[in-house]
Each structure stands twice: as structure tokens, then as C-alpha cells.
$ cat input02.cif   # mmCIF, C-alpha atoms and all ligand atoms
data_target
loop_
_atom_site.label_atom_id
_atom_site.label_comp_id
_atom_site.auth_asym_id
_atom_site.auth_seq_id
_atom_site.Cartn_x
_atom_site.Cartn_y
_atom_site.Cartn_z
CA MET G 285 5.17 -46.39 -1.54
CA LYS G 286 6.45 -49.58 0.00
CA PRO G 287 8.26 -49.12 3.28
CA THR G 288 11.96 -49.96 3.20
CA LEU G 289 13.59 -52.15 5.80
CA VAL G 290 17.38 -52.00 5.94
CA LEU G 291 19.50 -54.76 7.48
CA VAL G 292 22.75 -53.61 9.05
CA GLY G 293 25.39 -55.02 11.37
CA ARG G 294 28.99 -56.10 11.39
CA PRO G 295 30.15 -58.85 9.03
CA ASN G 296 28.91 -62.37 9.60
CA VAL G 297 25.99 -61.62 11.90
CA GLY G 298 23.59 -63.13 9.36
CA LYS G 299 22.27 -60.20 7.31
CA SER G 300 22.32 -62.00 3.99
CA THR G 301 20.77 -65.14 5.43
CA LEU G 302 17.92 -63.09 6.84
CA PHE G 303 17.62 -61.17 3.57
CA ASN G 304 17.28 -64.43 1.67
CA ARG G 305 14.61 -65.64 4.02
CA LEU G 306 12.63 -62.41 3.78
CA THR G 307 12.81 -62.40 -0.01
CA ARG G 308 12.63 -66.13 -0.65
CA SER G 309 10.19 -67.43 -3.21
CA ARG G 310 10.50 -64.03 -4.76
CA ASP G 311 14.01 -64.50 -6.01
CA ALA G 312 12.95 -63.53 -9.50
CA LEU G 313 12.02 -60.16 -8.12
CA VAL G 314 15.24 -59.51 -6.28
CA ALA G 315 15.88 -56.18 -7.79
CA ASP G 316 18.90 -55.01 -9.63
CA LEU G 317 17.43 -51.57 -9.75
CA PRO G 318 19.22 -49.16 -12.05
CA GLY G 319 21.77 -46.95 -10.39
CA LEU G 320 22.42 -49.19 -7.44
CA THR G 321 25.81 -50.57 -6.75
CA ARG G 322 26.64 -54.14 -5.94
CA ASP G 323 27.13 -53.19 -2.32
CA ARG G 324 23.43 -53.01 -1.77
CA HIS G 325 20.94 -55.73 -2.48
CA TYR G 326 17.31 -54.88 -2.78
CA GLY G 327 14.55 -57.42 -2.64
CA HIS G 328 10.85 -57.65 -2.12
CA GLY G 329 9.36 -59.03 1.04
CA ARG G 330 5.85 -59.38 2.25
CA VAL G 331 4.33 -59.60 5.70
CA GLY G 332 0.66 -60.55 5.70
CA ASP G 333 -0.70 -58.68 2.71
CA ARG G 334 1.76 -55.83 3.03
CA PRO G 335 4.71 -55.61 0.65
CA TYR G 336 7.94 -53.95 1.62
CA LEU G 337 11.43 -53.49 0.27
CA VAL G 338 14.35 -55.02 2.10
CA VAL G 339 17.96 -53.95 1.72
CA ASP G 340 20.92 -56.16 2.57
CA THR G 341 23.91 -53.93 3.23
CA GLY G 342 27.51 -55.01 3.05
CA GLY G 343 28.50 -51.99 5.04
CA PHE G 344 30.51 -51.82 8.21
CA GLU G 345 33.06 -53.96 6.44
CA PRO G 346 36.53 -52.55 6.91
CA VAL G 347 36.81 -50.62 3.68
CA ALA G 348 39.19 -47.97 4.97
CA LYS G 349 41.97 -47.67 7.50
CA ASP G 350 40.60 -44.81 9.48
CA GLY G 351 38.26 -46.36 11.95
CA ILE G 352 34.63 -47.07 12.28
CA LEU G 353 33.29 -43.94 10.63
CA HIS G 354 35.07 -44.96 7.49
CA GLU G 355 34.06 -48.55 7.92
CA MET G 356 30.50 -47.40 7.61
CA ALA G 357 30.64 -47.65 3.89
CA ARG G 358 29.01 -44.84 2.01
CA GLN G 359 26.48 -47.21 0.53
CA THR G 360 25.40 -48.37 3.94
CA LEU G 361 25.06 -44.83 5.20
CA GLN G 362 22.94 -43.99 2.21
CA ALA G 363 20.76 -47.06 2.65
CA VAL G 364 20.27 -46.27 6.31
CA ALA G 365 19.45 -42.66 5.53
CA GLU G 366 16.73 -43.84 3.15
CA ALA G 367 15.37 -46.50 5.49
CA ASP G 368 11.90 -46.40 6.94
CA ALA G 369 13.10 -48.82 9.58
CA ILE G 370 16.52 -50.21 10.46
CA VAL G 371 17.09 -53.75 11.67
CA PHE G 372 20.39 -53.90 13.51
CA LEU G 373 21.61 -57.47 13.73
CA VAL G 374 23.96 -58.80 16.39
CA ASP G 375 25.21 -62.34 17.00
CA ALA G 376 23.84 -64.31 19.96
CA ARG G 377 26.65 -66.82 19.74
CA GLN G 378 29.48 -64.31 19.72
CA GLY G 379 27.82 -62.07 22.26
CA LEU G 380 28.12 -58.31 22.47
CA ALA G 381 31.10 -57.03 20.49
CA ALA G 382 32.88 -53.70 20.81
CA GLN G 383 31.99 -52.96 17.22
CA ASP G 384 28.30 -53.47 18.00
CA LYS G 385 28.43 -50.59 20.47
CA ILE G 386 30.06 -48.28 17.96
CA ILE G 387 27.56 -49.20 15.25
CA ALA G 388 24.69 -48.72 17.70
CA ASP G 389 25.89 -45.20 18.46
CA GLN G 390 26.09 -44.39 14.77
CA LEU G 391 22.66 -45.80 14.02
CA ARG G 392 21.05 -43.96 16.89
CA LYS G 393 22.17 -40.69 15.34
CA MET G 394 20.32 -41.50 12.13
CA GLY G 395 17.03 -40.81 13.86
CA ARG G 396 15.24 -43.70 12.19
CA PRO G 397 13.11 -46.36 13.86
CA LEU G 398 15.68 -48.87 15.02
CA PHE G 399 15.12 -52.50 15.95
CA LEU G 400 17.78 -54.63 17.60
CA ALA G 401 17.69 -58.28 16.53
CA VAL G 402 19.84 -60.85 18.32
CA ASN G 403 20.36 -63.45 15.63
CA LYS G 404 21.51 -67.10 15.56
CA ALA G 405 19.58 -67.76 18.75
CA GLU G 406 17.95 -71.03 17.75
CA GLY G 407 18.06 -73.49 20.62
CA MET G 408 19.06 -70.82 23.12
CA ARG G 409 17.07 -69.29 25.99
CA ARG G 410 15.64 -65.99 24.85
CA ASP G 411 16.05 -64.16 28.15
CA VAL G 412 19.63 -65.33 28.57
CA VAL G 413 20.48 -64.39 25.00
CA ALA G 414 18.88 -60.97 25.28
CA ALA G 415 20.39 -59.95 28.63
CA GLU G 416 23.78 -58.63 27.60
CA PHE G 417 22.42 -56.65 24.65
CA TYR G 418 20.36 -54.27 26.80
CA GLU G 419 23.64 -52.46 27.25
CA LEU G 420 23.31 -51.14 23.71
CA GLY G 421 20.50 -48.94 24.95
CA LEU G 422 18.18 -49.83 22.10
CA GLY G 423 15.39 -51.26 24.20
CA ASP G 424 14.20 -54.84 24.22
CA PRO G 425 16.30 -57.01 21.94
CA LEU G 426 14.29 -59.17 19.57
CA VAL G 427 15.66 -62.69 19.68
CA ILE G 428 15.62 -64.39 16.30
CA SER G 429 17.11 -67.06 14.09
CA GLY G 430 17.30 -65.94 10.50
CA ALA G 431 18.49 -69.36 9.39
CA HIS G 432 15.58 -71.14 11.06
CA GLY G 433 13.00 -68.41 10.66
CA GLU G 434 12.37 -68.04 14.38
CA GLY G 435 11.09 -64.65 15.47
CA VAL G 436 11.49 -63.27 11.96
CA HIS G 437 7.83 -62.66 11.27
CA ASP G 438 7.34 -60.84 14.57
CA LEU G 439 10.41 -58.72 13.93
CA VAL G 440 9.20 -57.57 10.53
CA GLU G 441 5.66 -56.94 11.77
CA LEU G 442 6.98 -54.78 14.56
CA ALA G 443 9.42 -52.91 12.37
CA LEU G 444 6.74 -52.10 9.80
CA GLU G 445 3.90 -51.58 12.26
CA SER G 446 3.58 -47.87 11.68
CA PHE G 447 3.72 -47.99 7.88
P1 LIG G 501 26.38 -61.39 6.84
O1 LIG G 501 27.85 -61.25 6.66
O2 LIG G 501 25.91 -60.53 7.97
O3 LIG G 501 25.59 -61.20 5.59
O4 LIG G 501 26.13 -62.91 7.36
P2 LIG G 501 25.69 -64.20 6.52
O5 LIG G 501 24.22 -64.18 6.28
O6 LIG G 501 26.57 -64.34 5.36
O7 LIG G 501 25.95 -65.35 7.59
C1 LIG G 501 27.23 -65.53 8.20
C2 LIG G 501 27.31 -66.92 8.79
O8 LIG G 501 26.36 -67.05 9.84
C3 LIG G 501 26.97 -68.03 7.79
O9 LIG G 501 27.82 -69.12 8.07
C4 LIG G 501 25.53 -68.35 8.11
O10 LIG G 501 25.20 -69.68 7.78
C5 LIG G 501 25.49 -68.13 9.61
N1 LIG G 501 24.13 -67.80 10.08
C6 LIG G 501 23.30 -66.87 9.57
N2 LIG G 501 22.13 -66.84 10.24
C7 LIG G 501 22.22 -67.79 11.20
C8 LIG G 501 21.33 -68.25 12.23
O11 LIG G 501 20.18 -67.81 12.39
N3 LIG G 501 21.80 -69.24 13.05
C9 LIG G 501 23.05 -69.76 12.90
N4 LIG G 501 23.42 -70.72 13.76
N5 LIG G 501 23.91 -69.37 11.95
C10 LIG G 501 23.50 -68.39 11.10
MG MG G 502 26.21 -60.54 3.70
#

$ encode --input "input02.cif" --output "C-alpha cells" --more "lines below"
Ligand code: GDP
Ligand code: MG
Amino acid sequence: MKPTLVLVGRPNVGKSTLFNRLTRSRDALVADLPGLTRDRHYGHGRVGDRPYLVVDTGGFEPVAKDGILHEMARQTLQAVAEADAIVFLVDARQGLAAQDKIIADQLRKMGRPLFLAVNKAEGMRRDVVAAEFYELGLGDPLVISGAHGEGVHDLVELALESF
């Protein structure tokens, strides 16, 4: 069984850009697996000689009026529940957002290996970028740029280390 890596985070943090990078050159294999809704996008990635599945979630979009629990779309919850590892993306350029804290609390409850990735950090100092995100209580933030591919390999290696 291939391990499954699920990308989550509020809108616009760069989930789909990272997904495309992880699955690039394998576009033909981007799966439209039967029974999956359009809200979730599955693709195949590979780190070294190890294949994995990656899921781009559209969750945490405001799909209901009743607050963050409802904003966690059902599809995202399901993807997270099935994840072997969760990559929680935040935005280095916007900084720590209130919604990030709420999502972090929800993800922590899932009891899955959780990796915090501070995205869009190309051209920025890693330590400066990381500093404010320690507050999320998810350990050392991994500073990456999905668009430029910086830190992406290390992130995936770490997330899949135990599989
Ligand atoms: P999603 O809503 O989380 O799927 O985010 P997208 O992948 O659609 O990206 C949202 C916006 O952020 C787009 O304009 C991307 O070009 C931009 N973006 C994504 N990754 C990066 C990055 O690593 N660096 C920068 N500077 N912009 C990025
Ligand atoms: Mg997206």
C-alpha cells in the first residue's frame, strides 16, 4: 500500500501549486478514482524510489455559515481521516492567521502525523519566516516554496519517513 499524504490549509496558501509540483510529469496518472468527488484530487508522487499518493483538498473553504467546524468540508475531514501523514500549509507572506490556529487545533485532534509547512517563503529568511508559526504548537515549521520547489523534497521525505 502506498502511503497517502494529504495537503490541507485555508484557501490560497498554495495547496494546489504544491500538489502539481509533487505530481508533475505524472499528470497522466492524476487519478480520477471511482467514487471520489471533485473536491478531492488524488495524484501519484514519488520520493526517491518510493511512490506515494497525494491528496489536494479544497476543504476549509467556507461552505457553510456555521463556523469553522462546518468549514471543514466533509471531504476534507474524510481525506484527513484516511491520511498517513498530513501536510498543513500556511502562508509565509500573510503570516499567522486566526484561521490557521483553528485548523491546527482541528488537525491535532485527528491523531495523524502532522507536518507544518510555511509556504511561499522563497527569498525569505527561514528563521524569520518560521518564528511566528511556533505558536501553532506543531513543532518546527518546515519552510518551503511550492512554486519554486524549495524545501519540498525534504518535507515529503520527512512526512513519509516512517512508511
Ligand atoms: P490553494 O488555494 O491552497 O490551492 O492555493 P493555490 O495553489 O491555488 O495558490 C494560491 C496562490 O498562491 C496562487 O496565486 C499561487 O501562484 C500562489 N503560490 C502558490 N505557491 C506559492 C509559492 O511557493 N510562492 C509564492 N510566492 N506564491 C505561491
Ligand atoms: Mg487549490

$ residues_near_ligand --input "input02.cif" --ligand "ligand LIG 501 (chain G)" --cutoff "7 Å" --atoms "all atoms listed in the file" --output "PyMOL selection string"
chain G and resi 293-302+342+403-406+428-432

$ write_last_selection --input "input02.cif" --atoms "C-alpha atoms" --output "PDB file, keeping the file's coordinate frame"
ATOM      1  CA  GLY G 293      25.390 -55.020  11.370  1.00  0.00           C
ATOM      2  CA  ARG G 294      28.990 -56.100  11.390  1.00  0.00           C
ATOM      3  CA  PRO G 295      30.150 -58.850   9.030  1.00  0.00           C
ATOM      4  CA  ASN G 296      28.910 -62.370   9.600  1.00  0.00           C
ATOM      5  CA  VAL G 297      25.990 -61.620  11.900  1.00  0.00           C
ATOM      6  CA  GLY G 298      23.590 -63.130   9.360  1.00  0.00           C
ATOM      7  CA  LYS G 299      22.270 -60.200   7.310  1.00  0.00           C
ATOM      8  CA  SER G 300      22.320 -62.000   3.990  1.00  0.00           C
ATOM      9  CA  THR G 301      20.770 -65.140   5.430  1.00  0.00           C
ATOM     10  CA  LEU G 302      17.920 -63.090   6.840  1.00  0.00           C
ATOM     11  CA  GLY G 342      27.510 -55.010   3.050  1.00  0.00           C
ATOM     12  CA  ASN G 403      20.360 -63.450  15.630  1.00  0.00           C
ATOM     13  CA  LYS G 404      21.510 -67.100  15.560  1.00  0.00           C
ATOM     14  CA  ALA G 405      19.580 -67.760  18.750  1.00  0.00           C
ATOM     15  CA  GLU G 406      17.950 -71.030  17.750  1.00  0.00           C
ATOM     16  CA  ILE G 428      15.620 -64.390  16.300  1.00  0.00           C
ATOM     17  CA  SER G 429      17.110 -67.060  14.090  1.00  0.00           C
ATOM     18  CA  GLY G 430      17.300 -65.940  10.500  1.00  0.00           C
ATOM     19  CA  ALA G 431      18.490 -69.360   9.390  1.00  0.00           C
ATOM     20  CA  HIS G 432      15.580 -71.140  11.060  1.00  0.00           C
TER      21      HIS G 432
END

$ atom_distance --input "input02.cif" --atom1 "atom CA of Ser446 of chain G" --atom2 "atom CA of Val290 of chain G"
15.5 Å

$ closest_residue --input "input02.cif" --among "G:Thr288, G:Tyr336, G:Arg308, G:Thr341" --to "ligand MG 502 (chain G)" --atoms "all atoms listed in the file"
G:Thr341

$ atom_distance --input "input02.cif" --atom1 "atom CA of Leu444 of chain G" --atom2 "atom CA of Ile387 of chain G"
21.7 Å

$ atom_distance --input "input02.cif" --atom1 "atom CA of Pro397 of chain G" --atom2 "atom CA of Val371 of chain G"
8.7 Å

$ closest_residue --input "input02.cif" --among "G:Arg358, G:His325, G:Lys286, G:Arg305" --to "ligand MG 502 (chain G)" --atoms "all atoms listed in the file"
G:His325

$ axis_aligned_box --input "input02.cif" --around "segment 431-434 of chain G" --padding-each-side "5 Å" --output "AutoDock Vina command-line options"
--center_x 15.4 --center_y -69.6 --center_z 11.9 --size_x 16.1 --size_y 13.1 --size_z 15.0

$ residues_around --input "input02.cif" --residues "Met285 of chain G" --least-positions-apart "5" --cutoff "10 Å" --atoms "only C-alpha atoms" --output "list in words"
Pro335, Tyr336, Leu337 and Phe447 of chain G

$ closest_residue --input "input02.cif" --among "G:Leu426, G:Val402, G:Leu291, G:Val412" --to "ligand MG 502 (chain G)" --atoms "all atoms listed in the file"
G:Leu291

$ closest_residue --input "input02.cif" --among "G:Ala382, G:Ala443, G:Glu366, G:Gln359" --to "Leu400 of chain G" --atoms "all atoms listed in the file"
G:Ala443

$ closest_residue --input "input02.cif" --among "G:Pro287, G:Arg409, G:Leu361, G:Ala367" --to "Arg330 of chain G" --atoms "all atoms listed in the file"
G:Pro287
